[in-house]
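Coordinates from final-v9.txt are shown below (compact mmCIF, C-alpha atoms and all ligand atoms).
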# COMPACT_ATOMS: atom_id res chain seq x y z
CA MET A 1 -9.46 24.52 -6.00
CA THR A 2 -10.36 27.15 -3.44
CA LYS A 3 -8.46 30.19 -4.70
CA SER A 4 -5.34 31.21 -6.50
CA PRO A 5 -2.71 32.02 -5.40
CA LEU A 6 -2.93 30.23 -2.08
CA THR A 7 -1.50 31.72 1.10
CA ARG A 8 -0.37 30.08 4.31
CA ASP A 9 -3.41 31.63 6.01
CA ASP A 10 -5.68 29.77 3.58
CA LEU A 11 -4.07 26.53 4.64
CA LEU A 12 -4.32 27.36 8.33
CA ALA A 13 -8.04 27.91 7.73
CA MET A 14 -8.28 24.49 6.10
CA ASP A 15 -6.58 22.99 9.17
CA ARG A 16 -9.17 24.67 11.42
CA ASP A 17 -12.00 23.17 9.37
CA ASP A 18 -10.40 19.71 9.23
CA ALA A 19 -12.67 17.09 10.82
CA LEU A 20 -9.80 14.59 10.82
CA ALA A 21 -7.38 16.88 12.70
CA PRO A 22 -7.90 15.08 16.05
CA PHE A 23 -6.39 11.90 14.57
CA ARG A 24 -2.97 13.55 14.55
CA ALA A 25 -2.76 13.16 18.33
CA LEU A 26 -2.99 9.38 17.92
CA PHE A 27 0.39 9.32 16.14
CA GLU A 28 4.01 10.09 16.96
CA VAL A 29 5.27 12.57 14.44
CA PRO A 30 8.68 14.00 15.38
CA ASP A 31 8.93 17.75 15.88
CA GLY A 32 10.38 19.56 12.91
CA VAL A 33 9.33 16.87 10.45
CA VAL A 34 6.78 17.12 7.66
CA TYR A 35 6.16 13.45 6.99
CA LEU A 36 5.17 12.85 3.38
CA ASP A 37 6.24 9.21 3.17
CA GLY A 38 3.39 7.41 4.91
CA ASN A 39 2.79 5.61 1.61
CA SER A 40 6.10 3.85 2.16
CA LEU A 41 6.18 3.49 5.94
CA GLY A 42 3.21 4.72 7.94
CA ALA A 43 3.81 6.69 11.15
CA LEU A 44 3.85 5.08 14.58
CA PRO A 45 0.52 5.09 16.43
CA ARG A 46 1.08 6.21 20.02
CA ALA A 47 -0.77 3.16 21.37
CA THR A 48 1.46 0.67 19.57
CA ALA A 49 4.39 0.68 21.99
CA ALA A 50 2.21 -0.20 24.99
CA ARG A 51 0.34 -2.88 23.07
CA VAL A 52 3.55 -4.49 21.85
CA ALA A 53 5.08 -4.27 25.34
CA ASP A 54 2.03 -6.06 26.74
CA VAL A 55 2.25 -8.85 24.17
CA VAL A 56 5.95 -9.25 24.88
CA LYS A 57 6.01 -8.92 28.66
CA GLN A 58 2.66 -10.40 29.66
CA GLU A 59 1.40 -12.64 26.90
CA TRP A 60 4.76 -14.04 25.90
CA GLY A 61 6.80 -13.49 29.08
CA GLN A 62 4.23 -14.65 31.61
CA GLY A 63 1.73 -16.57 29.51
CA LEU A 64 4.31 -18.45 27.45
CA ILE A 65 2.79 -21.18 25.25
CA ARG A 66 -0.52 -20.87 27.10
CA SER A 67 -1.14 -17.56 25.34
CA TRP A 68 -2.03 -19.35 22.09
CA ASN A 69 -5.26 -20.27 23.85
CA ASP A 70 -5.51 -17.92 26.83
CA ALA A 71 -4.51 -14.63 25.16
CA GLY A 72 -6.44 -15.47 21.99
CA TRP A 73 -3.36 -15.62 19.78
CA MET A 74 -4.96 -18.27 17.57
CA ASP A 75 -7.88 -15.97 16.78
CA LEU A 76 -5.89 -12.76 16.37
CA PRO A 77 -4.90 -13.13 12.68
CA GLY A 78 -8.48 -13.90 11.64
CA ARG A 79 -9.86 -11.04 13.69
CA ILE A 80 -7.54 -8.45 12.28
CA ALA A 81 -7.96 -9.81 8.76
CA GLU A 82 -11.69 -9.18 8.97
CA LYS A 83 -11.01 -5.66 10.28
CA ILE A 84 -8.78 -4.91 7.29
CA GLY A 85 -11.55 -6.36 5.17
CA GLN A 86 -13.88 -3.65 6.47
CA VAL A 87 -11.44 -0.99 5.29
CA ILE A 88 -11.42 -2.39 1.73
CA GLY A 89 -14.97 -3.67 1.35
CA ALA A 90 -14.07 -7.36 1.39
CA ALA A 91 -16.80 -9.98 1.36
CA PRO A 92 -16.89 -11.70 4.78
CA GLY A 93 -14.70 -14.78 5.08
CA GLY A 94 -12.32 -13.79 2.29
CA MET A 95 -9.51 -12.13 4.24
CA ALA A 96 -6.31 -13.47 5.76
CA VAL A 97 -3.31 -11.69 7.24
CA GLY A 98 0.30 -12.85 7.23
CA ASP A 99 3.38 -13.30 5.07
CA SER A 100 4.55 -10.43 2.86
CA THR A 101 2.78 -8.82 -0.07
CA SER A 102 5.30 -10.47 -2.40
CA VAL A 103 4.65 -13.95 -0.99
CA ASN A 104 0.90 -13.41 -1.04
CA LEU A 105 1.13 -12.38 -4.68
CA PHE A 106 2.84 -15.68 -5.42
CA LYS A 107 0.20 -17.70 -3.63
CA LEU A 108 -2.78 -15.97 -5.21
CA LEU A 109 -1.33 -15.69 -8.68
CA SER A 110 -0.63 -19.41 -8.64
CA ALA A 111 -4.20 -20.14 -7.52
CA ALA A 112 -5.56 -17.89 -10.28
CA LEU A 113 -3.53 -19.63 -12.98
CA GLU A 114 -4.77 -23.02 -11.80
CA LEU A 115 -8.35 -21.82 -12.08
CA ARG A 116 -7.77 -20.98 -15.76
CA PRO A 117 -5.70 -24.00 -16.86
CA GLU A 118 -6.36 -23.52 -20.56
CA ARG A 119 -4.92 -19.95 -20.55
CA ARG A 120 -1.27 -18.90 -20.36
CA VAL A 121 -1.08 -15.11 -19.98
CA ILE A 122 -0.65 -12.99 -16.86
CA LEU A 123 -1.53 -9.49 -18.04
CA SER A 124 -0.08 -6.49 -16.22
CA GLU A 125 1.22 -2.98 -16.61
CA ARG A 126 4.83 -2.27 -17.52
CA GLY A 127 5.02 0.34 -14.76
CA ASN A 128 3.72 -1.99 -12.06
CA PHE A 129 5.73 -2.26 -8.86
CA PRO A 130 8.74 -4.46 -9.64
CA THR A 131 8.10 -7.15 -7.02
CA ASP A 132 4.72 -7.85 -8.63
CA LEU A 133 6.44 -8.38 -11.98
CA TYR A 134 9.29 -10.42 -10.50
CA ILE A 135 6.89 -12.75 -8.70
CA ALA A 136 4.95 -13.32 -11.91
CA GLN A 137 8.17 -14.03 -13.81
CA GLY A 138 9.36 -16.47 -11.16
CA LEU A 139 6.05 -18.28 -11.02
CA ALA A 140 5.87 -18.61 -14.80
CA ALA A 141 9.40 -20.06 -14.83
CA LEU A 142 8.58 -22.45 -12.00
CA LEU A 143 5.42 -23.75 -13.65
CA ALA A 144 7.34 -24.30 -16.91
CA ARG A 145 4.07 -24.67 -18.81
CA GLY A 146 4.54 -21.79 -21.20
CA HIS A 147 3.06 -19.07 -19.04
CA GLU A 148 3.91 -15.54 -20.08
CA LEU A 149 3.86 -12.19 -18.31
CA ARG A 150 2.45 -9.76 -20.88
CA LEU A 151 3.11 -6.09 -20.10
CA VAL A 152 1.22 -3.16 -21.62
CA GLU A 153 0.72 0.54 -20.91
CA PRO A 154 -2.14 1.55 -18.59
CA HIS A 155 -4.38 2.79 -21.42
CA GLU A 156 -3.87 -0.50 -23.29
CA VAL A 157 -5.01 -2.80 -20.48
CA ALA A 158 -8.69 -3.07 -21.41
CA GLY A 159 -7.87 -3.67 -25.07
CA ALA A 160 -5.37 -6.40 -24.20
CA LEU A 161 -7.96 -8.58 -22.46
CA ASP A 162 -8.44 -11.50 -24.82
CA ASP A 163 -9.08 -15.21 -24.44
CA SER A 164 -5.41 -15.96 -23.76
CA VAL A 165 -5.44 -14.00 -20.49
CA ALA A 166 -5.77 -16.14 -17.38
CA VAL A 167 -5.38 -13.33 -14.88
CA LEU A 168 -5.19 -9.56 -14.95
CA MET A 169 -2.77 -8.47 -12.20
CA LEU A 170 -2.75 -4.75 -11.46
CA THR A 171 -1.81 -2.39 -8.69
CA HIS A 172 -4.86 -0.23 -8.03
CA VAL A 173 -2.84 2.92 -7.29
CA ASN A 174 0.49 3.06 -9.13
CA TYR A 175 3.44 3.47 -6.75
CA HIS A 176 5.33 5.71 -9.16
CA THR A 177 2.73 8.09 -10.55
CA GLY A 178 -0.13 7.78 -8.08
CA ALA A 179 -2.53 7.05 -10.95
CA MET A 180 -5.57 4.99 -9.93
CA TYR A 181 -7.42 2.42 -12.03
CA ASP A 182 -11.18 1.99 -12.20
CA MET A 183 -11.35 -1.21 -10.19
CA ALA A 184 -14.97 -2.09 -10.88
CA GLY A 185 -14.79 -1.30 -14.59
CA LEU A 186 -11.61 -3.26 -15.28
CA THR A 187 -12.72 -6.19 -13.14
CA GLN A 188 -15.91 -6.35 -15.21
CA ALA A 189 -13.95 -6.11 -18.46
CA ALA A 190 -11.63 -8.91 -17.37
CA HIS A 191 -14.53 -11.11 -16.35
CA ASP A 192 -16.23 -10.44 -19.69
CA ALA A 193 -13.05 -11.78 -21.31
CA GLY A 194 -13.11 -14.85 -19.09
CA ALA A 195 -10.10 -13.75 -17.02
CA LEU A 196 -9.67 -13.48 -13.27
CA VAL A 197 -8.38 -10.32 -11.57
CA LEU A 198 -5.80 -9.83 -8.82
CA TRP A 199 -5.59 -6.33 -7.34
CA ASP A 200 -2.57 -5.11 -5.39
CA LEU A 201 -3.88 -2.63 -2.81
CA ALA A 202 -0.48 -1.61 -1.38
CA HIS A 203 -1.19 2.09 -2.05
CA SER A 204 -4.96 1.86 -1.59
CA ALA A 205 -5.83 0.22 1.72
CA GLY A 206 -6.54 3.01 4.19
CA ALA A 207 -5.90 5.70 1.59
CA VAL A 208 -8.69 5.56 -1.01
CA PRO A 209 -12.17 4.01 -1.10
CA VAL A 210 -12.06 0.35 -2.11
CA ASP A 211 -15.01 -2.00 -2.37
CA LEU A 212 -13.73 -5.42 -3.34
CA ALA A 213 -17.10 -7.10 -2.94
CA ALA A 214 -18.98 -4.56 -5.04
CA ALA A 215 -16.30 -4.76 -7.74
CA LYS A 216 -16.56 -8.58 -7.63
CA ALA A 217 -12.77 -8.75 -7.38
CA ASP A 218 -11.38 -12.28 -7.38
CA PHE A 219 -8.13 -11.75 -5.50
CA ALA A 220 -6.32 -8.95 -3.70
CA VAL A 221 -3.15 -8.41 -1.69
CA GLY A 222 -1.72 -5.43 0.17
CA CYS A 223 0.70 -4.11 2.77
CA GLY A 224 0.23 -3.57 6.48
CA TYR A 225 3.01 -1.01 6.84
CA LYS A 226 1.89 1.74 4.46
CA TYR A 227 -1.44 3.54 5.06
CA LEU A 228 -2.45 0.98 7.70
CA ASN A 229 0.42 2.08 9.95
CA GLY A 230 1.32 -1.43 11.10
CA GLY A 231 5.08 -0.87 11.41
CA PRO A 232 8.13 -1.76 9.31
CA GLY A 233 7.67 -5.15 7.67
CA ALA A 234 4.17 -5.54 9.14
CA PRO A 235 2.32 -8.65 7.97
CA ALA A 236 0.55 -8.25 4.66
CA PHE A 237 -3.04 -9.21 3.85
CA LEU A 238 -4.71 -11.22 1.13
CA TYR A 239 -8.25 -11.60 -0.15
CA VAL A 240 -9.93 -14.36 -2.10
CA ASN A 241 -13.52 -13.99 -3.25
CA PRO A 242 -15.30 -16.53 -1.01
CA ASP A 243 -17.15 -17.88 -4.08
CA LEU A 244 -13.79 -19.15 -5.40
CA LEU A 245 -12.50 -20.64 -2.17
CA ASP A 246 -13.79 -24.17 -2.63
CA ARG A 247 -11.99 -24.48 -5.93
CA ALA A 248 -8.88 -22.40 -5.20
CA ARG A 249 -5.69 -24.33 -4.46
CA PHE A 250 -2.68 -22.60 -3.01
CA PRO A 251 0.91 -23.63 -3.75
CA VAL A 252 2.46 -23.29 -0.29
CA THR A 253 0.70 -26.00 1.68
CA GLY A 254 1.68 -25.47 5.30
CA TRP A 255 0.07 -26.72 8.45
CA TRP A 256 -1.84 -23.51 9.18
CA GLY A 257 -3.66 -24.03 5.91
CA HIS A 258 -4.56 -27.62 6.82
CA ALA A 259 -8.12 -28.63 7.66
CA ALA A 260 -6.98 -29.84 11.10
CA PRO A 261 -3.54 -28.43 12.04
CA PHE A 262 -3.51 -30.10 15.45
CA ALA A 263 -4.52 -33.53 14.17
CA PHE A 264 -0.94 -33.83 12.88
CA GLU A 265 -1.97 -35.93 9.91
CA VAL A 266 0.60 -37.09 7.40
CA GLY A 267 -1.36 -35.97 4.34
CA TYR A 268 -2.25 -32.39 3.40
CA ARG A 269 -5.95 -31.55 3.33
CA PRO A 270 -6.80 -27.90 2.73
CA ALA A 271 -8.89 -26.02 5.31
CA SER A 272 -12.38 -25.25 4.08
CA GLY A 273 -12.26 -21.45 4.32
CA ILE A 274 -9.69 -18.74 3.71
CA ALA A 275 -7.33 -20.45 6.15
CA ARG A 276 -6.23 -22.60 3.22
CA ALA A 277 -4.45 -19.53 1.84
CA THR A 278 -2.31 -19.25 4.97
CA VAL A 279 0.90 -21.15 5.55
CA GLY A 280 2.60 -21.21 8.95
CA THR A 281 2.69 -19.67 12.39
CA ALA A 282 1.62 -16.03 12.30
CA PRO A 283 3.92 -13.37 13.84
CA MET A 284 1.97 -12.37 16.93
CA ILE A 285 4.01 -9.34 17.98
CA SER A 286 3.81 -7.81 14.52
CA ILE A 287 0.14 -8.64 14.15
CA ALA A 288 -0.64 -7.02 17.50
CA ALA A 289 1.14 -3.87 16.31
CA LEU A 290 -0.74 -3.95 13.02
CA GLU A 291 -4.07 -4.17 14.79
CA VAL A 292 -3.46 -0.82 16.50
CA GLY A 293 -3.00 0.87 13.13
CA VAL A 294 -6.00 -0.87 11.60
CA ASP A 295 -8.23 0.10 14.53
CA ILE A 296 -7.38 3.75 13.89
CA ALA A 297 -8.13 3.38 10.18
CA LEU A 298 -11.53 1.91 11.09
CA GLN A 299 -12.38 4.95 13.19
CA ALA A 300 -11.77 7.36 10.32
CA PRO A 301 -14.71 7.60 7.88
CA MET A 302 -13.31 6.80 4.44
CA ALA A 303 -15.35 9.55 2.79
CA GLN A 304 -13.58 12.10 4.99
CA VAL A 305 -10.19 10.49 4.41
CA ARG A 306 -10.71 10.62 0.66
CA ALA A 307 -11.98 14.22 0.71
CA LYS A 308 -8.99 15.40 2.73
CA SER A 309 -6.55 13.35 0.66
CA LEU A 310 -7.83 14.94 -2.54
CA ALA A 311 -7.70 18.40 -0.99
CA MET A 312 -4.11 17.74 0.10
CA THR A 313 -2.93 16.46 -3.27
CA SER A 314 -4.68 19.38 -5.03
CA VAL A 315 -3.21 21.97 -2.67
CA PHE A 316 0.26 20.46 -2.90
CA ALA A 317 0.20 20.37 -6.71
CA GLN A 318 -1.14 23.93 -6.81
CA LEU A 319 1.55 25.20 -4.45
CA ILE A 320 4.27 23.61 -6.56
CA SER A 321 2.83 25.25 -9.67
CA GLU A 322 2.48 28.62 -7.98
CA ARG A 323 5.66 28.76 -5.90
CA CYS A 324 8.20 26.57 -7.65
CA GLN A 325 7.96 27.81 -11.22
CA GLY A 326 11.03 27.73 -13.41
CA PHE A 327 12.85 24.97 -11.55
CA GLY A 328 12.00 22.21 -14.04
CA LEU A 329 9.67 20.39 -11.64
CA ASN A 330 7.03 18.44 -13.54
CA ILE A 331 4.00 16.97 -11.76
CA ILE A 332 3.28 13.54 -13.24
CA SER A 333 0.33 12.52 -11.06
CA PRO A 334 -3.08 12.75 -12.72
CA ALA A 335 -4.74 16.17 -12.58
CA ASP A 336 -8.19 14.55 -12.53
CA PRO A 337 -9.03 13.73 -8.88
CA ALA A 338 -10.99 10.63 -9.91
CA LEU A 339 -7.79 9.13 -11.34
CA ARG A 340 -5.55 10.08 -8.43
CA GLY A 341 -4.48 8.09 -5.38
CA SER A 342 -3.06 9.82 -2.31
CA GLN A 343 0.31 11.04 -3.55
CA VAL A 344 1.89 13.70 -5.72
CA SER A 345 4.80 12.59 -7.87
CA VAL A 346 7.10 15.24 -9.29
CA ALA A 347 9.66 14.46 -11.96
CA HIS A 348 13.03 16.23 -12.10
CA PRO A 349 16.34 14.99 -13.54
CA ASP A 350 18.03 15.65 -10.17
CA ALA A 351 15.25 14.18 -8.08
CA TYR A 352 17.60 12.08 -5.94
CA PRO A 353 19.77 14.86 -4.48
CA ILE A 354 16.78 17.19 -4.25
CA MET A 355 14.97 14.65 -2.07
CA GLN A 356 18.08 14.11 0.04
CA ALA A 357 18.31 17.86 0.63
CA LEU A 358 14.61 17.97 1.56
CA VAL A 359 15.02 15.10 4.01
CA SER A 360 17.97 16.87 5.65
CA ARG A 361 15.63 19.78 6.29
CA GLY A 362 12.83 17.67 7.75
CA VAL A 363 10.63 17.27 4.68
CA ILE A 364 10.49 13.50 4.28
CA GLY A 365 9.28 12.08 1.01
CA ASP A 366 11.16 9.60 -1.13
CA PHE A 367 12.84 9.10 -4.49
CA ARG A 368 11.80 6.56 -7.08
CA ALA A 369 14.15 5.80 -9.94
CA PRO A 370 14.85 7.20 -12.37
CA ASP A 371 13.68 10.74 -11.67
CA VAL A 372 10.69 11.04 -9.34
CA LEU A 373 10.21 12.89 -6.07
CA ARG A 374 7.33 11.15 -4.34
CA PHE A 375 5.17 12.89 -1.75
CA GLY A 376 2.59 10.74 0.01
CA MET A 377 -0.41 12.42 1.63
CA THR A 378 -1.69 10.80 4.82
CA PRO A 379 -4.85 12.58 5.96
CA LEU A 380 -4.75 11.14 9.49
CA TYR A 381 -1.54 12.83 10.59
CA VAL A 382 -0.52 15.55 8.15
CA GLY A 383 -2.08 19.02 8.06
CA PHE A 384 -2.43 21.63 5.33
CA ALA A 385 -0.08 24.30 6.71
CA GLU A 386 2.64 21.65 6.79
CA LEU A 387 2.23 21.31 3.04
CA TRP A 388 2.92 25.00 2.68
CA ASP A 389 6.05 24.67 4.80
CA ALA A 390 7.23 21.66 2.77
CA VAL A 391 6.82 23.51 -0.53
CA GLU A 392 8.62 26.58 0.85
CA ILE A 393 11.58 24.37 1.79
CA LEU A 394 11.48 22.77 -1.66
CA ARG A 395 11.50 26.24 -3.18
CA ASP A 396 14.50 27.22 -1.07
CA VAL A 397 16.38 24.01 -1.94
CA MET A 398 15.83 24.78 -5.63
CA GLN A 399 16.53 28.50 -5.42
CA THR A 400 19.76 28.15 -3.45
CA GLY A 401 20.88 25.03 -5.31
CA GLN A 402 21.43 23.37 -1.95
CA TRP A 403 20.79 19.96 -3.51
CA ARG A 404 24.10 20.24 -5.39
CA GLU A 405 26.08 19.64 -2.19
CA ALA A 406 28.14 16.47 -2.49
CA ARG A 407 26.58 14.83 0.57
CA PHE A 408 23.15 14.82 -1.12
CA ASN A 409 24.49 13.14 -4.23
CA GLU A 410 25.75 9.91 -2.66
CA ARG A 411 23.30 7.10 -3.29
CA ARG A 412 22.17 5.28 -0.18
CA LYS A 413 20.72 1.74 -0.04
CA VAL A 414 17.13 2.77 0.55
CA THR A 415 15.95 5.68 -1.53
C1 LIG B 501 5.08 -1.63 -1.31
C2 LIG B 501 4.62 -2.55 -2.36
C3 LIG B 501 4.91 -3.91 -2.30
C4 LIG B 501 5.80 -4.43 -1.20
O1 LIG B 501 5.89 -5.80 -1.13
P1 LIG B 501 6.63 -6.47 0.11
O2 LIG B 501 6.55 -7.91 -0.13
O3 LIG B 501 5.91 -6.00 1.34
O4 LIG B 501 8.03 -5.95 0.16
C5 LIG B 501 4.38 -4.75 -3.27
N1 LIG B 501 3.63 -4.24 -4.28
C6 LIG B 501 3.35 -2.92 -4.37
C7 LIG B 501 2.51 -2.43 -5.48
C8 LIG B 501 3.87 -2.04 -3.43
O5 LIG B 501 3.62 -0.75 -3.54
Represent the structure of the file as structure tokens.
Ligand SMILES: *Cc1c(COP(=O)(O)O)cnc(C)c1O
Amino acid sequence: MTKSPLTRDDLLAMDRDDALAPFRALFEVPDGVVYLDGNSLGALPRATAARVADVVKQEWGQGLIRSWNDAGWMDLPGRIAEKIGQVIGAAPGGMAVGDSTSVNLFKLLSAALELRPERRVILSERGNFPTDLYIAQGLAALLARGHELRLVEPHEVAGALDDSVAVLMLTHVNYHTGAMYDMAGLTQAAHDAGALVLWDLAHSAGAVPVDLAAAKADFAVGCGYKYLNGGPGAPAFLYVNPDLLDRARFPVTGWWGHAAPFAFEVGYRPASGIARATVGTAPMISIAALEVGVDIALQAPMAQVRAKSLAMTSVFAQLISERCQGFGLNIISPADPALRGSQVSVAHPDAYPIMQALVSRGVIGDFRAPDVLRFGMTPLYVGFAELWDAVEILRDVMQTGQWREARFNERRKVT
């Protein structure tokens, strides 16, 4: 790190040197808020409201059904899918957008298992995001062919790759700790063991460098509403290595995945390309909103995003160490930058009320059970001095014991 101890002036100097600072003006960030939850719901791009209004009022309101052809609605999902592909180094022709991350996991996991019919194990990490585990459990039960979800610790993954493993399913950056896997290395190890690999990029796309093609990844999924700033419940994306497409069969065989949707044939025939991994009518309003966020991500050089993200996570961790000593806060994100995504996770037994107190004072992160305060770093719209201010408020919440107030201790639905 730069120096120790840090001062607010140091951080103001980092803001002055920040090549990404102009991106902040492209987003709405409310006054008085330090937004450290863009890993859960990205901020609103200023251009989104006008784009969505145009789709609603003009394309839908005036164009009506004609807009499928005249406004290019039919081509929009494919176009934005390829744009997201540029953010994550996808091989051309392998990307589709639509459905949710959970549903896309189901579709791709099923395809992977069919490609390894003689194997029965889905290998994953115990600390993976729950929906990933639930989907695997549900699929194994549905198939009723003896498939098993085998869960290990992160350091045990490579050693657990044996000839029973059909697919290795991992989240590249862990939602809880922010720890990042070596995508290329583990993909290679899985392939050496004869297994396929499915990467969940929910906390990676737009946040850390990803090169799916170089890593020779087989499958990937991810969210549109986190670092891609596509809006709440934005359509998700999926990736299938184009080399596998001819053989890959997907379990939800809808008309958008048909070779000729408007031939209205009775029998299902899969489309030749990645369209076969899609299902039904894509949500145009949401996809239009997502495109605004993705276009911004494409303008920001990933090397700069990564450099600023690492500087932010380092500064934030350092400030907590320097200014919040003695409060029992324990940083659980990796200290080694190469192993770190774009968040700092801090464990404390009273993490829930502490986060509620922070939110009430404009420092918005989130809580992840059982005991983690999660602070996401979004280089496009958060600055360094804001990190100082956030840590000072955290220090005050701890010093005054403000978090003990009853109102911060009532559990709400979304944490
Ligand atoms: C956020 C997240 C999801 C969310 O899935 P949805 O279907 O969009 O609700 C899935 N997996 C991981 C790893 C996530 O972080």
For the point (3.0, 1.6, 11.7) in the file's frame, write as a PDB file with C-alpha atoms, in the coordinates of the input all residues with an atom no more than 7 Å away, counting all atoms listed in the file.
ATOM      1  CA  LEU A  41       6.180   3.490   5.940  1.00  0.00           C
ATOM      2  CA  GLY A  42       3.210   4.720   7.940  1.00  0.00           C
ATOM      3  CA  ALA A  43       3.810   6.690  11.150  1.00  0.00           C
ATOM      4  CA  LEU A  44       3.850   5.080  14.580  1.00  0.00           C
ATOM      5  CA  PRO A  45       0.520   5.090  16.430  1.00  0.00           C
ATOM      6  CA  TYR A 225       3.010  -1.010   6.840  1.00  0.00           C
ATOM      7  CA  LEU A 228      -2.450   0.980   7.700  1.00  0.00           C
ATOM      8  CA  ASN A 229       0.420   2.080   9.950  1.00  0.00           C
ATOM      9  CA  GLY A 230       1.320  -1.430  11.100  1.00  0.00           C
ATOM     10  CA  GLY A 231       5.080  -0.870  11.410  1.00  0.00           C
ATOM     11  CA  PRO A 232       8.130  -1.760   9.310  1.00  0.00           C
ATOM     12  CA  LEU A 290      -0.740  -3.950  13.020  1.00  0.00           C
ATOM     13  CA  GLY A 293      -3.000   0.870  13.130  1.00  0.00           C
TER      14      GLY A 293
END
Counting only C-alpha atoms and all ligand atoms, figure out which residue out of A:Thr378, A:Gln86, A:Thr101, A:Gln58 gets nearest to ligand LIG 501 (chain B).
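Among A:Thr378, A:Gln86, A:Thr101, A:Gln58, it is A:Thr101 that comes nearest to ligand LIG 501 (chain B).
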Which residues form the shell of 7 Å around ligand LIG 501 (chain B) when you count only C-alpha atoms and all ligand atoms, given as a count of residues only?
19
Could you check the closest approach to A:Met398 for each of A:Pro353, A:Val363, A:Thr415, A:Ala71 and tell me which residue wins, using only C-alpha atoms?
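Going through A:Pro353, A:Val363, A:Thr415, A:Ala71 one by one, the smallest distance to A:Met398 is for A:Pro353.
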A:Asp218, A:Asp243, A:Asp371, A:Glu410 ranked by distance to A:Leu108, top pick (using all atoms listed in the file):
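For A:Leu108, the nearest of the candidates is A:Asp218.
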Nearest residue to A:Ser272 out of A:Asp336, A:Gly94, A:Gly362, A:Leu143, using only C-alpha atoms?
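Closest candidate: A:Gly94.
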Nearest to A:Ala49: which of A:Arg120, A:Val292, A:Cys324, A:Ala158 is it, counting only C-alpha atoms?
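The shortest atom-to-atom distance to A:Ala49 comes from A:Val292.
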Counting all atoms listed in the file, which residue out of A:Ile84, A:Leu380, A:Leu170, A:Val252 sits closest to A:Asp182?
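Comparing A:Ile84, A:Leu380, A:Leu170, A:Val252 against A:Asp182, the winner is A:Leu170.
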Tell me which protein, DNA and RNA residues are within 12 Å of A:Arg116, counting all atoms listed in the file, leaving out same-chain ones fewer than 2 positions away, and put them as a list in words.
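The neighbour list is Leu109, Ser110, Ala111, Ala112, Leu113, Glu114, Glu118, Arg119, Arg120, Val121, Ile122, His147, Asp163, Ser164, Val165, Ala166, Val167, Leu168, His191, Ala193, Gly194, Ala195, Leu196, Val197, Arg247, Ala248 and Arg249 of chain A.
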Measure the distance from atom CA of A:Val397 to atom CA of A:Val315 in Å and round it to one decimal.
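Between these atoms lies a distance of 19.7 Å.
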Can you tell me, as a ChimeraX atom specification, what residues are no more than 9 Å from stretch 11-15 of chain A when counting only C-alpha atoms, ignoring any on the same chain fewer than 5 positions away?
/A:6,21,315,383-388
How far is it from atom CA of A:Ala390 to atom CA of A:Val34, in Å with one decimal?
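About the pair atom CA of A:Ala390 and atom CA of A:Val34: they are 6.7 Å apart.
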Each stretch 12-70 of chain A residue no farther than 8 Å from stretch 301-308 of chain A, nearest pair in Å, only C-alpha atoms, as a tab-separated table:
residue	atom	partner	partner_atom	distance
A:Asp18	CA	A:Lys308	CA	7.9
A:Ala19	CA	A:Gln304	CA	7.7
A:Leu20	CA	A:Gln304	CA	7.4
Could the residues in this selection be saved with C-alpha atoms as a short mmCIF file (atom, residue, chain, number, x, y, z; two decimals), keeping the file's coordinate frame?
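So result-v8.cif came out as:
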data_model
loop_
_atom_site.label_atom_id
_atom_site.label_comp_id
_atom_site.auth_asym_id
_atom_site.auth_seq_id
_atom_site.Cartn_x
_atom_site.Cartn_y
_atom_site.Cartn_z
CA ASP A 18 -10.40 19.71 9.23
CA ALA A 19 -12.67 17.09 10.82
CA LEU A 20 -9.80 14.59 10.82
#
Which polymer residues, protein or nucleic acid, are no farther than 9 Å from (10.5, 14.2, -8.1), counting only C-alpha atoms, as a list in words?
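Residues found, by chain and rising number: Leu329, Asn330, Ile331, Ile332, Val344, Ser345, Val346, Ala347, His348, Pro349, Asp350, Ala351, Tyr352, Ile354, Met355, Asp366, Phe367, Arg368, Asp371, Val372, Leu373, Arg374 and Phe375 of chain A.
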Those same residues - C-alpha atoms - I'd like them written as a short mmCIF file (atom, residue, chain, number, x, y, z; two decimals), in the coordinates of the input.
data_model
loop_
_atom_site.label_atom_id
_atom_site.label_comp_id
_atom_site.auth_asym_id
_atom_site.auth_seq_id
_atom_site.Cartn_x
_atom_site.Cartn_y
_atom_site.Cartn_z
CA LEU A 329 9.67 20.39 -11.64
CA ASN A 330 7.03 18.44 -13.54
CA ILE A 331 4.00 16.97 -11.76
CA ILE A 332 3.28 13.54 -13.24
CA VAL A 344 1.89 13.70 -5.72
CA SER A 345 4.80 12.59 -7.87
CA VAL A 346 7.10 15.24 -9.29
CA ALA A 347 9.66 14.46 -11.96
CA HIS A 348 13.03 16.23 -12.10
CA PRO A 349 16.34 14.99 -13.54
CA ASP A 350 18.03 15.65 -10.17
CA ALA A 351 15.25 14.18 -8.08
CA TYR A 352 17.60 12.08 -5.94
CA ILE A 354 16.78 17.19 -4.25
CA MET A 355 14.97 14.65 -2.07
CA ASP A 366 11.16 9.60 -1.13
CA PHE A 367 12.84 9.10 -4.49
CA ARG A 368 11.80 6.56 -7.08
CA ASP A 371 13.68 10.74 -11.67
CA VAL A 372 10.69 11.04 -9.34
CA LEU A 373 10.21 12.89 -6.07
CA ARG A 374 7.33 11.15 -4.34
CA PHE A 375 5.17 12.89 -1.75
#
Non-local contacts of A:Arg46 (9 Å; only C-alpha atoms; under 2 positions in same chain excluded) as a list of chain:residue names:
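Once the adjacent positions are removed, what remains is A:Ala25, A:Leu26, A:Phe27, A:Glu28, A:Leu44, A:Thr48, A:Ala49, A:Ala50.
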